[in-house]
Amino acid sequence: MLLTYLRIRNFGIFDDVDIELGPGLTVFTGETGAGKSMIVDAVTACLGYRTSPDTIRSGAERATLELLISPPQHIVPRLNEVAEVSQEIPEIMIQRDILPERSYMRINGRIATMSMAQAIGGYLVDIHGQQDHHSLLRPQNYLAILDQMIKGELSEIKRDYQAAFLARQEILKNSEELNRDASQRKREIDLLSYQVDEIDKAALRRGEEEELRQEYRVLASQRTLVELAQEAYERLYEGAKGFESAYDQLTQAVSLARKIAGIDPAGEKLVQDVEQVLFALEVAVDTLRDYQRRLQLDPSRLKQVEARLDLIERLKGKYGGSIDQILEYRDRSAERLAKLLNADEILRELKESLDQVEAEMAELGKKLSAIRREASAGIAERVSSVLEELGMPGARFLISLDYQDDENGICVDGRKIRPFADGFDVAGFLFSANPGEAPMPIHRVASGGELSRLMLALKSCMEGVASVPTLIFDEIDAGVGGKAGQAIGEKLWQLSQNHQVLCVTHLASIAAMADTHFVVNKYEKDGRTYAQVTEVSGEHRAREIARMLSGSERGVSLEHGRELLAAAQQYKQRYKG
């Protein structure tokens, strides 16, 4: 069990629809435009893929999608890297709210990112739509498809090769920078030398600007500070302008307190407290005298501070918004300057490093090629065998692997080869639909129906080596009919024995093989169009199969629909047993 429940609200023509999903092969059928593929769109939206605000149902403020997943136990530890999943009752509820300006994702009730949902989907669901046929029309995709089938054998070597490839790219980039023409290098050296020298002469200190600005505020306010300090001193100690100082008044207070204590011994505490205040005042007066002595009216120092701040501002305008950034710029420039001044020596070291890296790449690339070549024949044979099961007897599928010459490439066994991020190989997929015909590149000769069967054959072989629990096929039957459709239905059902398979289809022969069958219909009510999803079985299902066959649910078509369902049941029993 994996995808167990899907709720769609205000999404496209869906108002409010609940779909309970189960194991095995589940199909969705219905008239063209009924909204079948929007069910797949709803799943992909829940798995973090982009969706347009245009999907919000007309008149609604938002579309809300909910997907409940019950992952297999062995995948739970990997999922816990993304979201918290209970080991006892492993369930993941993903909710996607789509608004006109933005959308929100929640995983188990917590706000999540789209990438988190995509990570979950990567472990659990593989979605194959009609557009995926086109990947077989793009030769640049072939090597990735091949490597997916044998990734267990390749993974470690491929990882080491890719690390070496990136190291080579970095070496080439550095070499190219140093190999610029001499006049350009000289100009850069002159500029960097001037910049480093200008910053060094300034002798900047981290935190200096803040200290200077504080000093500037004090120096610019010296006269005011002198006046304030003098007035404070007079009020505390000297007295002036017809009032007694605080010191005089406290001295009198102490004398009065002592008289009180002479009469009432309880007044001793009062004497101590007032004397303590007097002592504190004397300390404050001493502090104020020291502060007054430090205050100096020094116009020359003010000018020095102003000039220093002006210098810092000029340097900030050139090299950064703070002293820290200026010093960081200086360090980077000095490093670059040293590199340019020692370019010849560094180029020699880079050449040595490049030789070592390219030798490593040559060895690893040859290993990758050997593994691919060894595996290709077996894969091609398996795909050809599946194609025969899919109603294409005599069809042949081949994989070609070759190198691309490049005079600036890597030397492999005396041949200069162009390196790619995944190795040296350029893959080709060749196909022949009929016996006696020479295999030709797929993108030149395969029809739409043949592409559908080729893709399903490749998917079948991939699932044998590394699969996800749920497979979704959106109209994989494009361009297919007759016996080929029956063969595709049987292959999809076979896949569903080890996977949950969901399929949107127009073919009755595929629908008949389903374990669960949903029909998507649209209808009008009060001038609005709605879609509904109904599970069908028994005679209702036979009528839907009949409609898919000929558009009629009666007579010969209905009888044929019943026969298809009976034949599908017999096939399943034979397969199991």
# chains A, B, ... in the order shown; residues from 1 in each chain; ligands from 1

$ residues_around --residues "Leu471 of chain A" --least-positions-apart "4" --cutoff "9 Å" --atoms "only C-alpha atoms" --output "PyMOL selection string"
chain A and resi 124-128+467+495-496+499-503

$ write_last_selection --atoms "all heavy atoms" --output "tab-separated table (two decimals), in the first residue's frame"
chain	number	residue	atom	x	y	z
A	124	LEU	N	9.34	7.62	-3.60
A	124	LEU	CA	8.11	6.83	-3.59
A	124	LEU	C	7.39	6.70	-4.92
A	124	LEU	O	6.72	5.71	-5.15
A	124	LEU	CB	7.13	7.45	-2.57
A	124	LEU	CG	7.61	7.56	-1.13
A	124	LEU	CD1	6.58	8.27	-0.28
A	124	LEU	CD2	7.89	6.18	-0.56
A	125	VAL	N	7.48	7.70	-5.80
A	125	VAL	CA	6.60	7.74	-6.96
A	125	VAL	C	7.39	8.04	-8.23
A	125	VAL	O	8.24	8.93	-8.24
A	125	VAL	CB	5.50	8.81	-6.79
A	125	VAL	CG1	4.55	8.80	-7.98
A	125	VAL	CG2	4.72	8.58	-5.50
A	126	ASP	N	7.09	7.29	-9.29
A	126	ASP	CA	7.63	7.55	-10.61
A	126	ASP	C	6.47	7.86	-11.53
A	126	ASP	O	5.57	7.03	-11.70
A	126	ASP	CB	8.41	6.33	-11.11
A	126	ASP	CG	9.05	6.59	-12.47
A	126	ASP	OD1	9.08	7.75	-12.90
A	126	ASP	OD2	9.51	5.62	-13.10
A	127	ILE	N	6.44	9.07	-12.11
A	127	ILE	CA	5.32	9.49	-12.95
A	127	ILE	C	5.78	9.54	-14.39
A	127	ILE	O	6.76	10.22	-14.72
A	127	ILE	CB	4.78	10.87	-12.50
A	127	ILE	CG1	4.31	10.78	-11.05
A	127	ILE	CG2	3.65	11.33	-13.40
A	127	ILE	CD1	3.88	12.10	-10.46
A	128	HIS	N	5.07	8.82	-15.24
A	128	HIS	CA	5.42	8.76	-16.65
A	128	HIS	C	4.24	9.25	-17.47
A	128	HIS	O	3.18	8.63	-17.47
A	128	HIS	CB	5.77	7.32	-17.06
A	128	HIS	CG	6.00	7.18	-18.53
A	128	HIS	ND1	7.05	7.79	-19.17
A	128	HIS	CD2	5.32	6.52	-19.49
A	128	HIS	CE1	7.00	7.50	-20.46
A	128	HIS	NE2	5.96	6.74	-20.68
A	467	SER	N	13.62	0.41	-8.29
A	467	SER	CA	12.27	0.94	-8.51
A	467	SER	C	11.78	1.72	-7.31
A	467	SER	O	12.32	1.61	-6.22
A	467	SER	CB	11.31	-0.22	-8.78
A	467	SER	OG	11.18	-1.01	-7.62
A	495	LEU	N	3.48	-5.45	-13.78
A	495	LEU	CA	4.21	-4.51	-12.93
A	495	LEU	C	3.50	-4.28	-11.60
A	495	LEU	O	4.13	-4.08	-10.56
A	495	LEU	CB	4.38	-3.17	-13.66
A	495	LEU	CG	5.43	-3.08	-14.76
A	495	LEU	CD1	5.34	-1.73	-15.46
A	495	LEU	CD2	6.83	-3.28	-14.21
A	496	SER	N	2.18	-4.32	-11.63
A	496	SER	CA	1.40	-4.04	-10.42
A	496	SER	C	1.48	-5.16	-9.39
A	496	SER	O	0.99	-4.99	-8.27
A	496	SER	CB	-0.07	-3.78	-10.78
A	496	SER	OG	-0.74	-4.99	-11.10
A	499	HIS	N	4.28	-3.45	-7.55
A	499	HIS	CA	4.16	-2.01	-7.39
A	499	HIS	C	2.69	-1.62	-7.37
A	499	HIS	O	1.84	-2.34	-7.87
A	499	HIS	CB	4.84	-1.26	-8.56
A	499	HIS	CG	6.25	-1.67	-8.81
A	499	HIS	ND1	7.32	-1.09	-8.18
A	499	HIS	CD2	6.78	-2.62	-9.62
A	499	HIS	CE1	8.44	-1.65	-8.60
A	499	HIS	NE2	8.14	-2.58	-9.47
A	500	GLN	N	2.45	-0.46	-6.81
A	500	GLN	CA	1.15	0.16	-7.00
A	500	GLN	C	1.23	0.91	-8.34
A	500	GLN	O	2.11	1.75	-8.54
A	500	GLN	CB	0.84	1.15	-5.87
A	500	GLN	CG	-0.51	1.84	-6.00
A	500	GLN	CD	-0.69	2.95	-4.97
A	500	GLN	OE1	0.25	3.71	-4.72
A	500	GLN	NE2	-1.85	3.05	-4.38
A	501	VAL	N	0.32	0.58	-9.26
A	501	VAL	CA	0.34	1.19	-10.58
A	501	VAL	C	-0.96	1.94	-10.81
A	501	VAL	O	-2.05	1.37	-10.67
A	501	VAL	CB	0.54	0.13	-11.70
A	501	VAL	CG1	0.52	0.82	-13.07
A	501	VAL	CG2	1.85	-0.61	-11.50
A	502	LEU	N	-0.86	3.23	-11.14
A	502	LEU	CA	-2.01	4.05	-11.50
A	502	LEU	C	-1.87	4.42	-12.97
A	502	LEU	O	-0.78	4.80	-13.41
A	502	LEU	CB	-2.08	5.33	-10.65
A	502	LEU	CG	-1.97	5.18	-9.14
A	502	LEU	CD1	-2.08	6.54	-8.47
A	502	LEU	CD2	-3.04	4.24	-8.60
A	503	CYS	N	-2.98	4.32	-13.71
A	503	CYS	CA	-2.89	4.54	-15.15
A	503	CYS	C	-4.12	5.28	-15.66
A	503	CYS	O	-5.26	4.88	-15.39
A	503	CYS	CB	-2.74	3.19	-15.88
A	503	CYS	SG	-2.62	3.33	-17.66

$ closest_atom_pairs --of "segment 194-285 of chain A" --to "segment 317-332 of chain A" --cutoff "12 Å" --atoms "only C-alpha atoms" --output "Markdown table"
| residue | atom | partner | partner_atom | distance |
| --- | --- | --- | --- | --- |
| A:Tyr194 | CA | A:Arg330 | CA | 10.7 |
| A:Gln195 | CA | A:Arg330 | CA | 7.5 |
| A:Val196 | CA | A:Arg330 | CA | 5.6 |
| A:Asp197 | CA | A:Arg330 | CA | 9.0 |
| A:Glu198 | CA | A:Arg330 | CA | 9.4 |
| A:Ile199 | CA | A:Arg330 | CA | 6.8 |
| A:Asp200 | CA | A:Arg330 | CA | 8.2 |
| A:Lys201 | CA | A:Arg330 | CA | 11.6 |
| A:Ala202 | CA | A:Leu327 | CA | 10.6 |
| A:Ala203 | CA | A:Leu327 | CA | 9.9 |
| A:Leu204 | CA | A:Ile323 | CA | 7.1 |
| A:Arg205 | CA | A:Ile323 | CA | 7.4 |
| A:Arg206 | CA | A:Ile323 | CA | 6.2 |
| A:Gly207 | CA | A:Ile323 | CA | 7.6 |
| A:Glu208 | CA | A:Ile323 | CA | 8.0 |
| A:Glu209 | CA | A:Ile323 | CA | 7.4 |
| A:Glu210 | CA | A:Ile323 | CA | 10.0 |

$ write_last_selection --atoms "N, CA, C and O atoms" --output "mmCIF file, in the first residue's frame"
data_model
loop_
_atom_site.group_PDB
_atom_site.id
_atom_site.type_symbol
_atom_site.label_atom_id
_atom_site.label_comp_id
_atom_site.auth_asym_id
_atom_site.auth_seq_id
_atom_site.Cartn_x
_atom_site.Cartn_y
_atom_site.Cartn_z
ATOM 1 N N TYR A 194 48.319 48.786 -7.059
ATOM 2 C CA TYR A 194 47.886 50.096 -6.570
ATOM 3 C C TYR A 194 46.835 49.956 -5.465
ATOM 4 O O TYR A 194 46.915 50.629 -4.424
ATOM 5 N N GLN A 195 45.870 49.069 -5.678
ATOM 6 C CA GLN A 195 44.786 48.915 -4.702
ATOM 7 C C GLN A 195 45.302 48.380 -3.371
ATOM 8 O O GLN A 195 44.942 48.887 -2.295
ATOM 9 N N VAL A 196 46.141 47.355 -3.426
ATOM 10 C CA VAL A 196 46.689 46.781 -2.191
ATOM 11 C C VAL A 196 47.531 47.820 -1.465
ATOM 12 O O VAL A 196 47.452 47.970 -0.237
ATOM 13 N N ASP A 197 48.355 48.567 -2.235
ATOM 14 C CA ASP A 197 49.212 49.588 -1.622
ATOM 15 C C ASP A 197 48.375 50.692 -0.971
ATOM 16 O O ASP A 197 48.691 51.161 0.134
ATOM 17 N N GLU A 198 47.320 51.120 -1.641
ATOM 18 C CA GLU A 198 46.473 52.181 -1.096
ATOM 19 C C GLU A 198 45.837 51.739 0.222
ATOM 20 O O GLU A 198 45.797 52.506 1.188
ATOM 21 N N ILE A 199 45.373 50.532 0.275
ATOM 22 C CA ILE A 199 44.749 50.038 1.511
ATOM 23 C C ILE A 199 45.793 49.855 2.604
ATOM 24 O O ILE A 199 45.562 50.209 3.776
ATOM 25 N N ASP A 200 46.962 49.325 2.240
ATOM 26 C CA ASP A 200 48.017 49.120 3.247
ATOM 27 C C ASP A 200 48.476 50.446 3.849
ATOM 28 O O ASP A 200 48.735 50.550 5.058
ATOM 29 N N LYS A 201 48.606 51.482 3.017
ATOM 30 C CA LYS A 201 49.048 52.788 3.526
ATOM 31 C C LYS A 201 48.036 53.368 4.510
ATOM 32 O O LYS A 201 48.413 54.117 5.429
ATOM 33 N N ALA A 202 46.782 53.050 4.323
ATOM 34 C CA ALA A 202 45.758 53.561 5.234
ATOM 35 C C ALA A 202 45.865 52.942 6.616
ATOM 36 O O ALA A 202 45.403 53.530 7.604
ATOM 37 N N ALA A 203 46.504 51.769 6.726
ATOM 38 C CA ALA A 203 46.710 51.095 8.025
ATOM 39 C C ALA A 203 45.417 51.023 8.835
ATOM 40 O O ALA A 203 45.349 51.445 9.995
ATOM 41 N N LEU A 204 44.400 50.502 8.223
ATOM 42 C CA LEU A 204 43.090 50.411 8.872
ATOM 43 C C LEU A 204 43.087 49.354 9.964
ATOM 44 O O LEU A 204 43.789 48.333 9.872
ATOM 45 N N ARG A 205 42.296 49.607 11.000
ATOM 46 C CA ARG A 205 42.083 48.618 12.059
ATOM 47 C C ARG A 205 40.604 48.249 12.110
ATOM 48 O O ARG A 205 39.727 49.124 11.935
ATOM 49 N N ARG A 206 40.305 47.004 12.375
ATOM 50 C CA ARG A 206 38.921 46.578 12.537
ATOM 51 C C ARG A 206 38.345 47.265 13.774
ATOM 52 O O ARG A 206 38.971 47.276 14.839
ATOM 53 N N GLY A 207 37.189 47.870 13.652
ATOM 54 C CA GLY A 207 36.557 48.588 14.755
ATOM 55 C C GLY A 207 36.983 50.030 14.869
ATOM 56 O O GLY A 207 36.453 50.786 15.700
ATOM 57 N N GLU A 208 37.952 50.455 14.022
ATOM 58 C CA GLU A 208 38.490 51.816 14.125
ATOM 59 C C GLU A 208 37.431 52.867 13.811
ATOM 60 O O GLU A 208 37.358 53.910 14.475
ATOM 61 N N GLU A 209 36.606 52.621 12.814
ATOM 62 C CA GLU A 209 35.637 53.626 12.405
ATOM 63 C C GLU A 209 34.675 53.966 13.538
ATOM 64 O O GLU A 209 34.360 55.144 13.786
ATOM 65 N N GLU A 210 34.204 52.953 14.256
ATOM 66 C CA GLU A 210 33.282 53.189 15.362
ATOM 67 C C GLU A 210 33.962 54.023 16.453
ATOM 68 O O GLU A 210 33.346 54.944 17.035
#

$ closest_residue --among "A:Leu288, A:Leu430, A:Val520, A:Leu250" --to "His443 of chain A" --atoms "only C-alpha atoms"
A:Leu430

$ residues_around --residues "Ala457 of chain A" --least-positions-apart "4" --cutoff "12 Å" --atoms "only C-alpha atoms" --output "ChimeraX atom specification"
/A:133,379-392,395-397,450-453,461-464,476,487-488,491-492,495

$ residues_around --residues "segment 541-558 of chain A" --least-positions-apart "3" --cutoff "8 Å" --atoms "only C-alpha atoms" --output "PDB file with N, CA, C and O atoms, in the first residue's frame"
ATOM      1  N   HIS A 506      -7.194   5.416 -22.422  1.00  0.00           N
ATOM      2  CA  HIS A 506      -8.346   5.451 -23.333  1.00  0.00           C
ATOM      3  C   HIS A 506      -8.628   4.065 -23.903  1.00  0.00           C
ATOM      4  O   HIS A 506      -9.595   3.904 -24.651  1.00  0.00           O
ATOM      5  N   LEU A 507      -7.784   3.086 -23.593  1.00  0.00           N
ATOM      6  CA  LEU A 507      -7.915   1.769 -24.198  1.00  0.00           C
ATOM      7  C   LEU A 507      -8.714   0.821 -23.317  1.00  0.00           C
ATOM      8  O   LEU A 507      -8.378   0.619 -22.144  1.00  0.00           O
ATOM      9  N   ALA A 508      -9.724   0.203 -23.900  1.00  0.00           N
ATOM     10  CA  ALA A 508     -10.553  -0.748 -23.163  1.00  0.00           C
ATOM     11  C   ALA A 508      -9.743  -1.960 -22.723  1.00  0.00           C
ATOM     12  O   ALA A 508      -9.950  -2.500 -21.629  1.00  0.00           O
ATOM     13  N   ALA A 511      -7.937  -1.001 -19.574  1.00  0.00           N
ATOM     14  CA  ALA A 511      -8.885  -0.824 -18.475  1.00  0.00           C
ATOM     15  C   ALA A 511      -9.395  -2.163 -17.963  1.00  0.00           C
ATOM     16  O   ALA A 511      -9.624  -2.334 -16.758  1.00  0.00           O
ATOM     17  N   ALA A 512      -9.572  -3.127 -18.857  1.00  0.00           N
ATOM     18  CA  ALA A 512     -10.096  -4.434 -18.454  1.00  0.00           C
ATOM     19  C   ALA A 512      -9.128  -5.173 -17.535  1.00  0.00           C
ATOM     20  O   ALA A 512      -9.552  -6.029 -16.747  1.00  0.00           O
ATOM     21  N   HIS A 517     -11.119   0.216 -10.907  1.00  0.00           N
ATOM     22  CA  HIS A 517     -11.461   1.005 -12.101  1.00  0.00           C
ATOM     23  C   HIS A 517     -12.290   2.215 -11.673  1.00  0.00           C
ATOM     24  O   HIS A 517     -13.361   2.070 -11.093  1.00  0.00           O
ATOM     25  N   VAL A 519     -14.119   5.815 -13.068  1.00  0.00           N
ATOM     26  CA  VAL A 519     -14.602   6.539 -14.241  1.00  0.00           C
ATOM     27  C   VAL A 519     -14.718   8.012 -13.874  1.00  0.00           C
ATOM     28  O   VAL A 519     -15.281   8.370 -12.834  1.00  0.00           O
ATOM     29  N   VAL A 536     -16.190   1.845 -10.432  1.00  0.00           N
ATOM     30  CA  VAL A 536     -17.168   0.971 -11.078  1.00  0.00           C
ATOM     31  C   VAL A 536     -16.719  -0.478 -10.960  1.00  0.00           C
ATOM     32  O   VAL A 536     -15.533  -0.778 -10.910  1.00  0.00           O
ATOM     33  N   SER A 537     -17.697  -1.362 -10.926  1.00  0.00           N
ATOM     34  CA  SER A 537     -17.433  -2.800 -10.895  1.00  0.00           C
ATOM     35  C   SER A 537     -18.627  -3.514 -11.511  1.00  0.00           C
ATOM     36  O   SER A 537     -19.664  -2.891 -11.794  1.00  0.00           O
ATOM     37  N   GLY A 538     -18.458  -4.809 -11.737  1.00  0.00           N
ATOM     38  CA  GLY A 538     -19.574  -5.602 -12.257  1.00  0.00           C
ATOM     39  C   GLY A 538     -20.106  -5.077 -13.575  1.00  0.00           C
ATOM     40  O   GLY A 538     -19.357  -4.719 -14.491  1.00  0.00           O
ATOM     41  N   GLY A 561     -17.444  -6.031 -24.073  1.00  0.00           N
ATOM     42  CA  GLY A 561     -16.884  -5.540 -22.823  1.00  0.00           C
ATOM     43  C   GLY A 561     -16.845  -6.626 -21.759  1.00  0.00           C
ATOM     44  O   GLY A 561     -15.858  -6.772 -21.040  1.00  0.00           O
ATOM     45  N   ARG A 562     -17.938  -7.388 -21.670  1.00  0.00           N
ATOM     46  CA  ARG A 562     -17.967  -8.500 -20.702  1.00  0.00           C
ATOM     47  C   ARG A 562     -16.898  -9.544 -21.039  1.00  0.00           C
ATOM     48  O   ARG A 562     -16.239 -10.094 -20.143  1.00  0.00           O
ATOM     49  N   LEU A 565     -13.426  -8.363 -19.927  1.00  0.00           N
ATOM     50  CA  LEU A 565     -13.248  -8.500 -18.482  1.00  0.00           C
ATOM     51  C   LEU A 565     -13.033  -9.956 -18.095  1.00  0.00           C
ATOM     52  O   LEU A 565     -12.186 -10.270 -17.245  1.00  0.00           O
TER      53      LEU A 565
END

$ closest_residue --among "A:Leu458, A:Glu360, A:Arg96, A:Glu84" --to "Met149 of chain A" --atoms "only C-alpha atoms"
A:Leu458

$ select_by_dssp --residues "segment 28-244 of chain A" --states "alpha helix (DSSP H)" --output "number ranges by chain"
A: 36-46, 76-79, 114-124, 142-149, 151-178, 182-202, 208-219, 222-233

$ atom_distance --atom1 "atom CA of Phe429 of chain A" --atom2 "atom CA of Arg373 of chain A"
13.1 Å

$ closest_residue --among "A:Phe11, A:Glu475, A:Ser58, A:Gly482" --to "Thr505 of chain A" --atoms "only C-alpha atoms"
A:Glu475

$ atom_distance --atom1 "atom CA of Ser175 of chain A" --atom2 "atom CA of Ile346 of chain A"
8.6 Å

$ closest_residue --among "A:Phe243, A:Ile371, A:Tyr123, A:Leu270" --to "Ser255 of chain A" --atoms "only C-alpha atoms"
A:Leu270

$ residues_around --residues "Ser115 of chain A" --least-positions-apart "5" --cutoff "10 Å" --atoms "only C-alpha atoms" --output "JSON list (two decimals) with N, CA, C and O atoms, in the first residue's frame"
[["chain", "number", "residue", "atom", "x", "y", "z"],
["A", 47, "LEU", "N", 3.33, 16.51, -4.77],
["A", 47, "LEU", "CA", 4.72, 16.09, -4.67],
["A", 47, "LEU", "C", 5.69, 17.21, -4.99],
["A", 47, "LEU", "O", 6.86, 16.98, -5.28],
["A", 48, "GLY", "N", 5.20, 18.45, -4.94],
["A", 48, "GLY", "CA", 6.08, 19.60, -4.97],
["A", 48, "GLY", "C", 6.41, 20.15, -6.34],
["A", 48, "GLY", "O", 7.28, 21.00, -6.47],
["A", 49, "TYR", "N", 5.69, 19.69, -7.36],
["A", 49, "TYR", "CA", 5.99, 20.19, -8.69],
["A", 49, "TYR", "C", 5.12, 21.39, -9.03],
["A", 49, "TYR", "O", 4.04, 21.57, -8.50],
["A", 82, "VAL", "N", 13.63, 13.80, 5.62],
["A", 82, "VAL", "CA", 12.86, 14.93, 5.07],
["A", 82, "VAL", "C", 11.74, 15.34, 6.02],
["A", 82, "VAL", "O", 11.52, 16.52, 6.28],
["A", 120, "ILE", "N", 10.41, 13.49, -1.07],
["A", 120, "ILE", "CA", 9.53, 12.37, -0.72],
["A", 120, "ILE", "C", 9.07, 11.66, -1.98],
["A", 120, "ILE", "O", 9.11, 10.42, -2.09],
["A", 121, "GLY", "N", 8.63, 12.43, -2.97],
["A", 121, "GLY", "CA", 8.19, 11.84, -4.23],
["A", 121, "GLY", "C", 9.29, 11.05, -4.91],
["A", 121, "GLY", "O", 9.03, 10.01, -5.54]]

$ residues_around --residues "Ile157 of chain A" --least-positions-apart "4" --cutoff "8 Å" --atoms "only C-alpha atoms" --output "PyMOL selection string"
chain A and resi 161+364+367-368

$ atom_distance --atom1 "atom CA of Gln140 of chain A" --atom2 "atom CA of Ser400 of chain A"
13.0 Å

$ residues_around --residues "Trp493 of chain A" --least-positions-apart "3" --cutoff "8 Å" --atoms "only C-alpha atoms" --output "PyMOL selection string"
chain A and resi 24-25+489-490+496-497+501+513-514

$ write_last_selection --atoms "all heavy atoms" --output "short mmCIF file (atom, residue, chain, number, x, y, z; two decimals), in the first residue's frame"
data_model
loop_
_atom_site.label_atom_id
_atom_site.label_comp_id
_atom_site.auth_asym_id
_atom_site.auth_seq_id
_atom_site.Cartn_x
_atom_site.Cartn_y
_atom_site.Cartn_z
N GLY A 24 -2.16 -2.84 -6.46
CA GLY A 24 -2.45 -3.41 -7.77
C GLY A 24 -2.53 -2.34 -8.85
O GLY A 24 -1.97 -1.25 -8.74
N LEU A 25 -3.25 -2.67 -9.92
CA LEU A 25 -3.40 -1.78 -11.07
C LEU A 25 -4.71 -1.01 -10.96
O LEU A 25 -5.79 -1.60 -10.93
CB LEU A 25 -3.37 -2.58 -12.37
CG LEU A 25 -3.66 -1.80 -13.66
CD1 LEU A 25 -2.66 -0.67 -13.86
CD2 LEU A 25 -3.68 -2.73 -14.87
N GLY A 489 -1.62 -3.61 -21.49
CA GLY A 489 -2.43 -3.83 -20.30
C GLY A 489 -1.88 -4.98 -19.46
O GLY A 489 -1.81 -4.88 -18.23
N GLU A 490 -1.50 -6.07 -20.12
CA GLU A 490 -0.96 -7.21 -19.39
C GLU A 490 0.37 -6.86 -18.72
O GLU A 490 0.63 -7.25 -17.58
CB GLU A 490 -0.78 -8.39 -20.36
CG GLU A 490 -2.11 -8.97 -20.85
CD GLU A 490 -1.94 -9.99 -21.95
OE1 GLU A 490 -0.77 -10.21 -22.38
OE2 GLU A 490 -2.95 -10.56 -22.42
N SER A 496 2.18 -4.32 -11.63
CA SER A 496 1.40 -4.04 -10.42
C SER A 496 1.48 -5.16 -9.39
O SER A 496 0.99 -4.99 -8.27
CB SER A 496 -0.07 -3.78 -10.78
OG SER A 496 -0.74 -4.99 -11.10
N GLN A 497 2.08 -6.28 -9.74
CA GLN A 497 2.25 -7.35 -8.76
C GLN A 497 3.31 -6.99 -7.73
O GLN A 497 3.33 -7.54 -6.63
CB GLN A 497 2.60 -8.66 -9.47
CG GLN A 497 1.55 -9.12 -10.47
CD GLN A 497 0.15 -9.13 -9.88
OE1 GLN A 497 -0.18 -9.96 -9.03
NE2 GLN A 497 -0.68 -8.19 -10.32
N VAL A 501 0.32 0.58 -9.26
CA VAL A 501 0.34 1.19 -10.58
C VAL A 501 -0.96 1.94 -10.81
O VAL A 501 -2.05 1.37 -10.67
CB VAL A 501 0.54 0.13 -11.70
CG1 VAL A 501 0.52 0.82 -13.07
CG2 VAL A 501 1.85 -0.61 -11.50
N MET A 513 -7.83 -4.86 -17.61
CA MET A 513 -6.84 -5.56 -16.78
C MET A 513 -6.76 -4.99 -15.37
O MET A 513 -6.08 -5.54 -14.51
CB MET A 513 -5.45 -5.44 -17.43
CG MET A 513 -5.29 -6.22 -18.73
SD MET A 513 -5.53 -8.00 -18.52
CE MET A 513 -4.29 -8.38 -17.30
N ALA A 514 -7.47 -3.91 -15.09
CA ALA A 514 -7.33 -3.22 -13.80
C ALA A 514 -7.88 -4.04 -12.65
O ALA A 514 -8.83 -4.82 -12.80
CB ALA A 514 -8.02 -1.86 -13.87
#
